[in-house]
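target.pdb, holding PDB, C-alpha atoms and all ligand atoms:
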```pdb
ATOM      1  CA  MET W   1      21.584   5.966   5.424  1.00  0.00           C
ATOM      2  CA  THR W   2      23.771   8.846   6.582  1.00  0.00           C
ATOM      3  CA  ASP W   3      26.762   8.883   4.261  1.00  0.00           C
ATOM      4  CA  THR W   4      25.569   7.403   1.035  1.00  0.00           C
ATOM      5  CA  ASN W   5      24.884   9.290  -2.167  1.00  0.00           C
ATOM      6  CA  GLN W   6      22.713   6.541  -3.484  1.00  0.00           C
ATOM      7  CA  THR W   7      19.063   7.473  -3.548  1.00  0.00           C
ATOM      8  CA  SER W   8      16.857   4.937  -1.842  1.00  0.00           C
ATOM      9  CA  MET W   9      13.679   3.800  -3.534  1.00  0.00           C
ATOM     10  CA  TYR W  10      12.014   3.943  -0.130  1.00  0.00           C
ATOM     11  CA  PRO W  11      12.954   7.256   1.510  1.00  0.00           C
ATOM     12  CA  LEU W  12       9.838   7.469   3.668  1.00  0.00           C
ATOM     13  CA  ARG W  13      10.040   3.848   4.792  1.00  0.00           C
ATOM     14  CA  ASP W  14      13.736   4.255   5.584  1.00  0.00           C
ATOM     15  CA  TRP W  15      12.875   7.309   7.648  1.00  0.00           C
ATOM     16  CA  LEU W  16      10.139   5.436   9.533  1.00  0.00           C
ATOM     17  CA  PHE W  17      12.524   2.590  10.342  1.00  0.00           C
ATOM     18  CA  ALA W  18      15.424   4.838  11.272  1.00  0.00           C
ATOM     19  CA  THR W  19      16.512   5.438  14.845  1.00  0.00           C
ATOM     20  CA  ALA W  20      14.903   8.258  16.831  1.00  0.00           C
ATOM     21  CA  GLN W  21      18.067  10.340  16.422  1.00  0.00           C
ATOM     22  CA  GLU W  22      18.097   9.969  12.658  1.00  0.00           C
ATOM     23  CA  ARG W  23      14.400  10.772  12.453  1.00  0.00           C
ATOM     24  CA  HIS W  24      14.996  14.322  13.700  1.00  0.00           C
ATOM     25  CA  ARG W  25      16.045  15.029  10.150  1.00  0.00           C
ATOM     26  CA  PRO W  26      13.034  15.115   7.839  1.00  0.00           C
ATOM     27  CA  PRO W  27      12.825  12.582   5.007  1.00  0.00           C
ATOM     28  CA  HIS W  28      14.573  14.071   1.974  1.00  0.00           C
ATOM     29  CA  ALA W  29      12.172  13.088  -0.739  1.00  0.00           C
ATOM     30  CA  PRO W  30      11.785  15.054  -3.986  1.00  0.00           C
ATOM     31  CA  ALA W  31       8.025  15.273  -3.513  1.00  0.00           C
ATOM     32  CA  GLY W  32       8.313  16.122   0.165  1.00  0.00           C
ATOM     33  CA  GLY W  33       7.465  12.625   1.301  1.00  0.00           C
ATOM     34  CA  ILE W  34       3.713  13.208   1.295  1.00  0.00           C
ATOM     35  CA  ALA W  35       2.079   9.844   1.817  1.00  0.00           C
ATOM     36  CA  ILE W  36      -1.303   9.040   0.301  1.00  0.00           C
ATOM     37  CA  PHE W  37      -3.688   6.318   1.470  1.00  0.00           C
ATOM     38  CA  ILE W  38      -5.596   4.739  -1.415  1.00  0.00           C
ATOM     39  CA  THR W  39      -8.565   2.375  -1.431  1.00  0.00           C
ATOM     40  CA  ALA W  40      -9.860   0.956  -4.705  1.00  0.00           C
ATOM     41  CA  SER W  41     -12.544  -1.645  -5.265  1.00  0.00           C
ATOM     42  CA  THR W  42     -13.778  -3.621  -8.229  1.00  0.00           C
ATOM     43  CA  LEU W  43     -16.988  -2.693 -10.013  1.00  0.00           C
ATOM     44  CA  ASP W  44     -20.002  -4.143  -8.132  1.00  0.00           C
ATOM     45  CA  ARG W  45     -17.442  -5.616  -5.704  1.00  0.00           C
ATOM     46  CA  LEU W  46     -16.949  -8.619  -7.913  1.00  0.00           C
ATOM     47  CA  ALA W  47     -14.342 -10.949  -6.399  1.00  0.00           C
ATOM     48  CA  LEU W  48     -11.916 -10.579  -9.292  1.00  0.00           C
ATOM     49  CA  LEU W  49      -9.010 -11.236  -6.908  1.00  0.00           C
ATOM     50  CA  GLU W  50     -10.520 -14.431  -5.494  1.00  0.00           C
ATOM     51  CA  THR W  51      -7.717 -16.797  -6.498  1.00  0.00           C
ATOM     52  CA  ARG W  52      -4.286 -16.933  -4.884  1.00  0.00           C
ATOM     53  CA  SER W  53      -2.575 -16.796  -8.259  1.00  0.00           C
ATOM     54  CA  ARG W  54      -4.421 -13.652  -9.245  1.00  0.00           C
ATOM     55  CA  ARG W  55      -3.617 -11.916  -5.956  1.00  0.00           C
ATOM     56  CA  THR W  56       0.030 -12.884  -6.327  1.00  0.00           C
ATOM     57  CA  ALA W  57       0.170 -11.591  -9.912  1.00  0.00           C
ATOM     58  CA  PHE W  58      -1.582  -8.375  -8.865  1.00  0.00           C
ATOM     59  CA  GLN W  59       0.863  -7.906  -5.992  1.00  0.00           C
ATOM     60  CA  GLU W  60       3.722  -8.224  -8.500  1.00  0.00           C
ATOM     61  CA  LEU W  61       2.012  -5.753 -10.835  1.00  0.00           C
ATOM     62  CA  ILE W  62       1.578  -3.234  -8.005  1.00  0.00           C
ATOM     63  CA  HIS W  63       5.309  -3.417  -7.334  1.00  0.00           C
ATOM     64  CA  SER W  64       6.566  -3.377 -10.918  1.00  0.00           C
ATOM     65  CA  SER W  65       4.286  -0.497 -11.933  1.00  0.00           C
ATOM     66  CA  ALA W  66       5.203   1.470  -8.799  1.00  0.00           C
ATOM     67  CA  ARG W  67       8.903   1.118  -9.669  1.00  0.00           C
ATOM     68  CA  GLU W  68       8.188   2.269 -13.214  1.00  0.00           C
ATOM     69  CA  PHE W  69       6.218   5.351 -12.041  1.00  0.00           C
ATOM     70  CA  GLU W  70       8.679   6.096  -9.182  1.00  0.00           C
ATOM     71  CA  ILE W  71       6.004   5.579  -6.560  1.00  0.00           C
ATOM     72  CA  GLU W  72       7.263   4.481  -3.155  1.00  0.00           C
ATOM     73  CA  LEU W  73       5.082   1.789  -1.577  1.00  0.00           C
ATOM     74  CA  VAL W  74       5.044   2.188   2.178  1.00  0.00           C
ATOM     75  CA  SER W  75       2.392  -0.423   2.911  1.00  0.00           C
ATOM     76  CA  TRP W  76      -0.194  -2.462   0.977  1.00  0.00           C
ATOM     77  CA  VAL W  77      -2.829  -5.165   1.245  1.00  0.00           C
ATOM     78  CA  ILE W  78      -4.723  -7.020  -1.476  1.00  0.00           C
ATOM     79  CA  LEU W  79      -8.164  -8.442  -0.660  1.00  0.00           C
ATOM     80  CA  ARG W  80     -10.639 -10.335  -2.853  1.00  0.00           C
ATOM     81  CA  GLU W  81     -12.355  -7.322  -4.389  1.00  0.00           C
ATOM     82  CA  HIS W  82     -10.339  -4.318  -3.260  1.00  0.00           C
ATOM     83  CA  TYR W  83      -6.940  -3.169  -2.138  1.00  0.00           C
ATOM     84  CA  HIS W  84      -5.397  -0.517   0.087  1.00  0.00           C
ATOM     85  CA  VAL W  85      -1.978   1.053  -0.321  1.00  0.00           C
ATOM     86  CA  ILE W  86       0.022   3.854   1.229  1.00  0.00           C
ATOM     87  CA  ALA W  87       2.121   5.387  -1.519  1.00  0.00           C
ATOM     88  CA  VAL W  88       4.409   8.370  -1.993  1.00  0.00           C
ATOM     89  CA  PRO W  89       5.162   9.889  -5.411  1.00  0.00           C
ATOM     90  CA  GLN W  90       8.957  10.215  -5.601  1.00  0.00           C
ATOM     91  CA  GLY W  91       9.229  11.287  -9.242  1.00  0.00           C
ATOM     92  CA  ASP W  92       7.168  13.228 -11.774  1.00  0.00           C
ATOM     93  CA  ALA W  93       4.237  10.827 -12.009  1.00  0.00           C
ATOM     94  CA  SER W  94       1.161  11.479  -9.889  1.00  0.00           C
ATOM     95  CA  ILE W  95      -0.595   8.845  -7.813  1.00  0.00           C
ATOM     96  CA  SER W  96      -3.599   8.925 -10.143  1.00  0.00           C
ATOM     97  CA  GLN W  97      -1.408   8.335 -13.221  1.00  0.00           C
ATOM     98  CA  TRP W  98       0.012   5.271 -11.511  1.00  0.00           C
ATOM     99  CA  VAL W  99      -3.395   3.996 -10.316  1.00  0.00           C
ATOM    100  CA  GLN W 100      -4.852   4.446 -13.807  1.00  0.00           C
ATOM    101  CA  ALA W 101      -2.024   2.415 -15.347  1.00  0.00           C
ATOM    102  CA  LEU W 102      -2.361  -0.266 -12.655  1.00  0.00           C
ATOM    103  CA  HIS W 103      -6.105  -0.556 -13.255  1.00  0.00           C
ATOM    104  CA  ARG W 104      -5.764  -0.528 -17.044  1.00  0.00           C
ATOM    105  CA  ARG W 105      -3.122  -3.266 -17.058  1.00  0.00           C
ATOM    106  CA  SER W 106      -4.837  -5.514 -14.518  1.00  0.00           C
ATOM    107  CA  SER W 107      -8.165  -5.160 -16.376  1.00  0.00           C
ATOM    108  CA  THR W 108      -6.512  -6.161 -19.634  1.00  0.00           C
ATOM    109  CA  HIS W 109      -4.988  -9.306 -18.052  1.00  0.00           C
ATOM    110  CA  TRP W 110      -8.201 -10.349 -16.320  1.00  0.00           C
ATOM    111  CA  ASN W 111     -10.424  -9.728 -19.320  1.00  0.00           C
ATOM    112  CA  ARG W 112      -8.112 -11.851 -21.435  1.00  0.00           C
ATOM    113  CA  GLU W 113      -8.161 -14.641 -18.821  1.00  0.00           C
ATOM    114  CA  ASP W 114     -11.922 -14.478 -18.310  1.00  0.00           C
ATOM    115  CA  VAL W 115     -12.731 -13.853 -22.006  1.00  0.00           C
ATOM    116  CA  THR W 116     -14.655 -10.701 -21.124  1.00  0.00           C
ATOM    117  CA  GLU W 117     -13.144  -8.154 -23.480  1.00  0.00           C
ATOM    118  CA  GLY W 118     -14.114  -4.571 -22.664  1.00  0.00           C
ATOM    119  CA  ARG W 119     -15.505  -5.360 -19.196  1.00  0.00           C
ATOM    120  CA  GLN W 120     -14.967  -2.568 -16.652  1.00  0.00           C
ATOM    121  CA  CYS W 121     -13.136  -4.187 -13.729  1.00  0.00           C
ATOM    122  CA  TRP W 122     -12.462  -1.299 -11.348  1.00  0.00           C
ATOM    123  CA  TYR W 123     -15.002   1.043  -9.843  1.00  0.00           C
ATOM    124  CA  GLN W 124     -13.209   4.050  -8.403  1.00  0.00           C
ATOM    125  CA  HIS W 125     -10.581   4.878  -5.862  1.00  0.00           C
ATOM    126  CA  TRP W 126     -10.585   6.981  -2.713  1.00  0.00           C
ATOM    127  CA  ASP W 127      -7.490   8.772  -1.527  1.00  0.00           C
ATOM    128  CA  ARG W 128      -6.489  10.669   1.546  1.00  0.00           C
ATOM    129  CA  THR W 129      -3.277  12.517   2.313  1.00  0.00           C
ATOM    130  CA  LEU W 130      -1.544  11.441   5.528  1.00  0.00           C
ATOM    131  CA  TRP W 131       0.091  14.555   6.942  1.00  0.00           C
ATOM    132  CA  THR W 132       1.446  13.338  10.258  1.00  0.00           C
ATOM    133  CA  GLU W 133       3.452  10.362  11.425  1.00  0.00           C
ATOM    134  CA  GLY W 134       0.478   9.361  13.616  1.00  0.00           C
ATOM    135  CA  ASP W 135      -1.882   9.387  10.602  1.00  0.00           C
ATOM    136  CA  LEU W 136       0.609   7.341   8.661  1.00  0.00           C
ATOM    137  CA  LEU W 137       1.227   4.712  11.340  1.00  0.00           C
ATOM    138  CA  SER W 138      -2.467   4.326  12.187  1.00  0.00           C
ATOM    139  CA  ARG W 139      -3.159   3.633   8.500  1.00  0.00           C
ATOM    140  CA  VAL W 140      -0.292   1.140   8.336  1.00  0.00           C
ATOM    141  CA  ASN W 141      -1.981  -0.666  11.242  1.00  0.00           C
ATOM    142  CA  TYR W 142      -5.295  -0.436   9.404  1.00  0.00           C
ATOM    143  CA  ILE W 143      -3.800  -2.002   6.275  1.00  0.00           C
ATOM    144  CA  HIS W 144      -2.040  -4.801   8.148  1.00  0.00           C
ATOM    145  CA  CYS W 145      -5.189  -5.656  10.161  1.00  0.00           C
ATOM    146  CA  ASN W 146      -7.482  -5.445   7.129  1.00  0.00           C
ATOM    147  CA  PRO W 147      -7.531  -9.197   6.290  1.00  0.00           C
ATOM    148  CA  VAL W 148      -8.618  -9.773   9.920  1.00  0.00           C
ATOM    149  CA  LYS W 149     -11.225  -6.968   9.746  1.00  0.00           C
ATOM    150  CA  HIS W 150     -12.684  -8.506   6.589  1.00  0.00           C
ATOM    151  CA  GLY W 151     -12.797 -11.926   8.265  1.00  0.00           C
ATOM    152  CA  TYR W 152     -10.285 -13.738   6.043  1.00  0.00           C
ATOM    153  CA  VAL W 153      -7.767 -14.734   8.704  1.00  0.00           C
ATOM    154  CA  GLU W 154      -7.272 -14.564  12.462  1.00  0.00           C
ATOM    155  CA  GLU W 155      -3.836 -12.946  12.426  1.00  0.00           C
ATOM    156  CA  PRO W 156      -2.343 -10.330  10.056  1.00  0.00           C
ATOM    157  CA  GLY W 157       0.672 -12.597   9.447  1.00  0.00           C
ATOM    158  CA  ALA W 158      -1.559 -15.341   8.052  1.00  0.00           C
ATOM    159  CA  TRP W 159      -2.377 -13.262   4.961  1.00  0.00           C
ATOM    160  CA  THR W 160       0.355 -13.420   2.315  1.00  0.00           C
ATOM    161  CA  TRP W 161      -0.718 -10.422   0.232  1.00  0.00           C
ATOM    162  CA  SER W 162       0.251  -7.507   2.418  1.00  0.00           C
ATOM    163  CA  SER W 163       3.319  -5.655   3.634  1.00  0.00           C
ATOM    164  CA  PHE W 164       2.874  -7.010   7.167  1.00  0.00           C
ATOM    165  CA  ARG W 165       5.683  -9.571   6.921  1.00  0.00           C
ATOM    166  CA  ASP W 166       8.031  -7.016   5.332  1.00  0.00           C
ATOM    167  CA  TRP W 167       7.408  -4.665   8.238  1.00  0.00           C
ATOM    168  CA  LEU W 168       7.783  -7.434  10.801  1.00  0.00           C
ATOM    169  CA  ALA W 169      11.129  -8.435   9.305  1.00  0.00           C
ATOM    170  CA  ARG W 170      12.460  -4.907   9.911  1.00  0.00           C
ATOM    171  CA  GLU W 171      11.016  -4.323  13.384  1.00  0.00           C
ATOM    172  CA  ALA W 172      14.246  -5.109  15.177  1.00  0.00           C
ATOM    173  CA  GLU W 173      15.993  -2.197  13.425  1.00  0.00           C
ATOM    174  CA  SER W 174      14.193   0.496  15.404  1.00  0.00           C
ATOM    175  CA  ASP W 175      11.432   1.337  17.849  1.00  0.00           C
ATOM    176  CA  ILE W 176       8.840   1.035  15.073  1.00  0.00           C
ATOM    177  CA  ALA W 177       6.791  -1.590  16.949  1.00  0.00           C
ATOM    178  CA  ASP W 178       6.361   0.767  19.929  1.00  0.00           C
ATOM    179  CA  ARG W 179       5.392   3.653  17.655  1.00  0.00           C
ATOM    180  CA  LEU W 180       2.887   1.491  15.747  1.00  0.00           C
ATOM    181  CA  ALA W 181       1.336   0.471  19.076  1.00  0.00           C
ATOM    182  CA  ARG W 182       0.754   4.132  19.943  1.00  0.00           C
ATOM    183  CA  PHE W 183      -1.390   4.755  16.851  1.00  0.00           C
ATOM    184  CA  PRO W 184      -4.177   2.153  16.605  1.00  0.00           C
ATOM    185  CA  ALA W 185      -6.028   1.699  13.336  1.00  0.00           C
ATOM    186  CA  PRO W 186      -9.055   3.946  12.723  1.00  0.00           C
ATOM    187  CA  ARG W 187     -12.290   1.982  13.114  1.00  0.00           C
ATOM    188  CA  ARG W 188     -13.750   3.026   9.815  1.00  0.00           C
ATOM    189  CA  VAL W 189     -12.272   4.228   6.559  1.00  0.00           C
ATOM    190  CA  PRO W 190     -14.362   5.608   3.635  1.00  0.00           C
ATOM    191  CA  GLY W 191     -14.903   3.036   0.916  1.00  0.00           C
ATOM    192  CA  ASP W 192     -14.042   0.082   3.161  1.00  0.00           C
ATOM    193  CA  ASP W 193     -17.313  -0.716   4.920  1.00  0.00           C
ATOM    194  CA  PHE W 194     -17.870  -4.039   3.205  1.00  0.00           C
TER     195      PHE W 194
HETATM  196 NI    NI W 201     -10.483  -3.239   3.205  1.00  0.00          NI
END
```
Mind converting the file's structure to structure tokens?
Amino acid sequence: MTDTNQTSMYPLRDWLFATAQERHRPPHAPAGGIAIFITASTLDRLALLETRSRRTAFQELIHSSAREFEIELVSWVILREHYHVIAVPQGDASISQWVQALHRRSSTHWNREDVTEGRQCWYQHWDRTLWTEGDLLSRVNYIHCNPVKHGYVEEPGAWTWSSFRDWLAREAESDIADRLARFPAPRRVPGDDF
């Protein structure tokens, strides 16, 4: 990452996975690399993401829409009636523009599938800016442990719809596992006390 002119789609993630020496340089992101933690849930907590196929399609939609809006995805998890992401705007679009598009498109798909035209699918979303590396890593832990917290699985790796496996695959590159261990997940997060 030192001598390339190519702009990475994941400047903050690259910085997190870099060596300690490389990390002394701040991430060079157009928007300053400000990470935002987002929680959104469906209206009345309806399990609109109950099926595997719908979670998989929604995971693909999160990624394709994020690319389109130049939003870096640092970490994500999709549950049965809500999701959490850590995202960084890297272009002109704001997080709320992206979330609105994501919610509009997923609602359209689901209402077509369920023959419920005009139904409101999403309730609202909560966001919080993560200013420090400790904030960021504790929320990454929170996201990866969320399927365990919600009682779906025993181990984070047993849940397919999160960034856990992506992170695990890159752990050998740096001391990221040690740094994650230093910042345990917060016990409670607003909007996630299901
Ligand atoms: Ni949750």
### Message
Excluding region 35-43 of chain W and its own-chain neighbours fewer than 5 positions away, which residues fall within 8 Å of it when counting all atoms listed in the file? Please give them as JSON, numbers by chain.
### Response
{"W": [48, 81, 82, 83, 84, 85, 86, 87, 88, 89, 120, 121, 122, 123, 124, 125, 126, 127, 128, 129, 130, 131, 136, 139, 191, 192]}
### Query
Counting all atoms listed in the file, which residues come within 12 Å of (-5.6, -13.0, -6.7), with the point read in the file's coordinates, and could you list them as a ChimeraX atom specification?
/W:47-61,77-83,106,109-110,160-161
### Query
Hey, which of W:Leu137, W:Ile62, W:Ile143, W:Met9 ends up closest to Arg104 (chain W)? Count only C-alpha atoms.
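With only C-alpha atoms as the atom set, the closest residue is W:Ile62.
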Which residues, named as in the file, does the PyMOL selection byres (((chain W and resi 148-154) around 10) and not hetatm) pick out? Answer as a PDB file with C-alpha atoms, keeping the file's coordinate frame.
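Contents of out38.pdb, freshly written:
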```pdb
ATOM      1  CA  LEU W  79      -8.164  -8.442  -0.660  1.00  0.00           C
ATOM      2  CA  ARG W  80     -10.639 -10.335  -2.853  1.00  0.00           C
ATOM      3  CA  TYR W 142      -5.295  -0.436   9.404  1.00  0.00           C
ATOM      4  CA  ILE W 143      -3.800  -2.002   6.275  1.00  0.00           C
ATOM      5  CA  HIS W 144      -2.040  -4.801   8.148  1.00  0.00           C
ATOM      6  CA  CYS W 145      -5.189  -5.656  10.161  1.00  0.00           C
ATOM      7  CA  ASN W 146      -7.482  -5.445   7.129  1.00  0.00           C
ATOM      8  CA  PRO W 147      -7.531  -9.197   6.290  1.00  0.00           C
ATOM      9  CA  GLU W 155      -3.836 -12.946  12.426  1.00  0.00           C
ATOM     10  CA  PRO W 156      -2.343 -10.330  10.056  1.00  0.00           C
ATOM     11  CA  GLY W 157       0.672 -12.597   9.447  1.00  0.00           C
ATOM     12  CA  ALA W 158      -1.559 -15.341   8.052  1.00  0.00           C
ATOM     13  CA  TRP W 159      -2.377 -13.262   4.961  1.00  0.00           C
ATOM     14  CA  ARG W 187     -12.290   1.982  13.114  1.00  0.00           C
ATOM     15  CA  ASP W 192     -14.042   0.082   3.161  1.00  0.00           C
ATOM     16  CA  ASP W 193     -17.313  -0.716   4.920  1.00  0.00           C
ATOM     17  CA  PHE W 194     -17.870  -4.039   3.205  1.00  0.00           C
TER      18      PHE W 194
END
```
### Message
Considering all atoms listed in the file, can you say which of W:Trp76, W:Asp166, W:Pro11, W:Thr132 comes closest to ligand NI 201 (chain W)?
### Response
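That would be W:Trp76, the residue with the smallest distance to ligand NI 201 (chain W).
Our summary of the geometry notes that CA of Tyr10 (chain W) is positioned 7.4 Å from CA of Leu73 (chain W).
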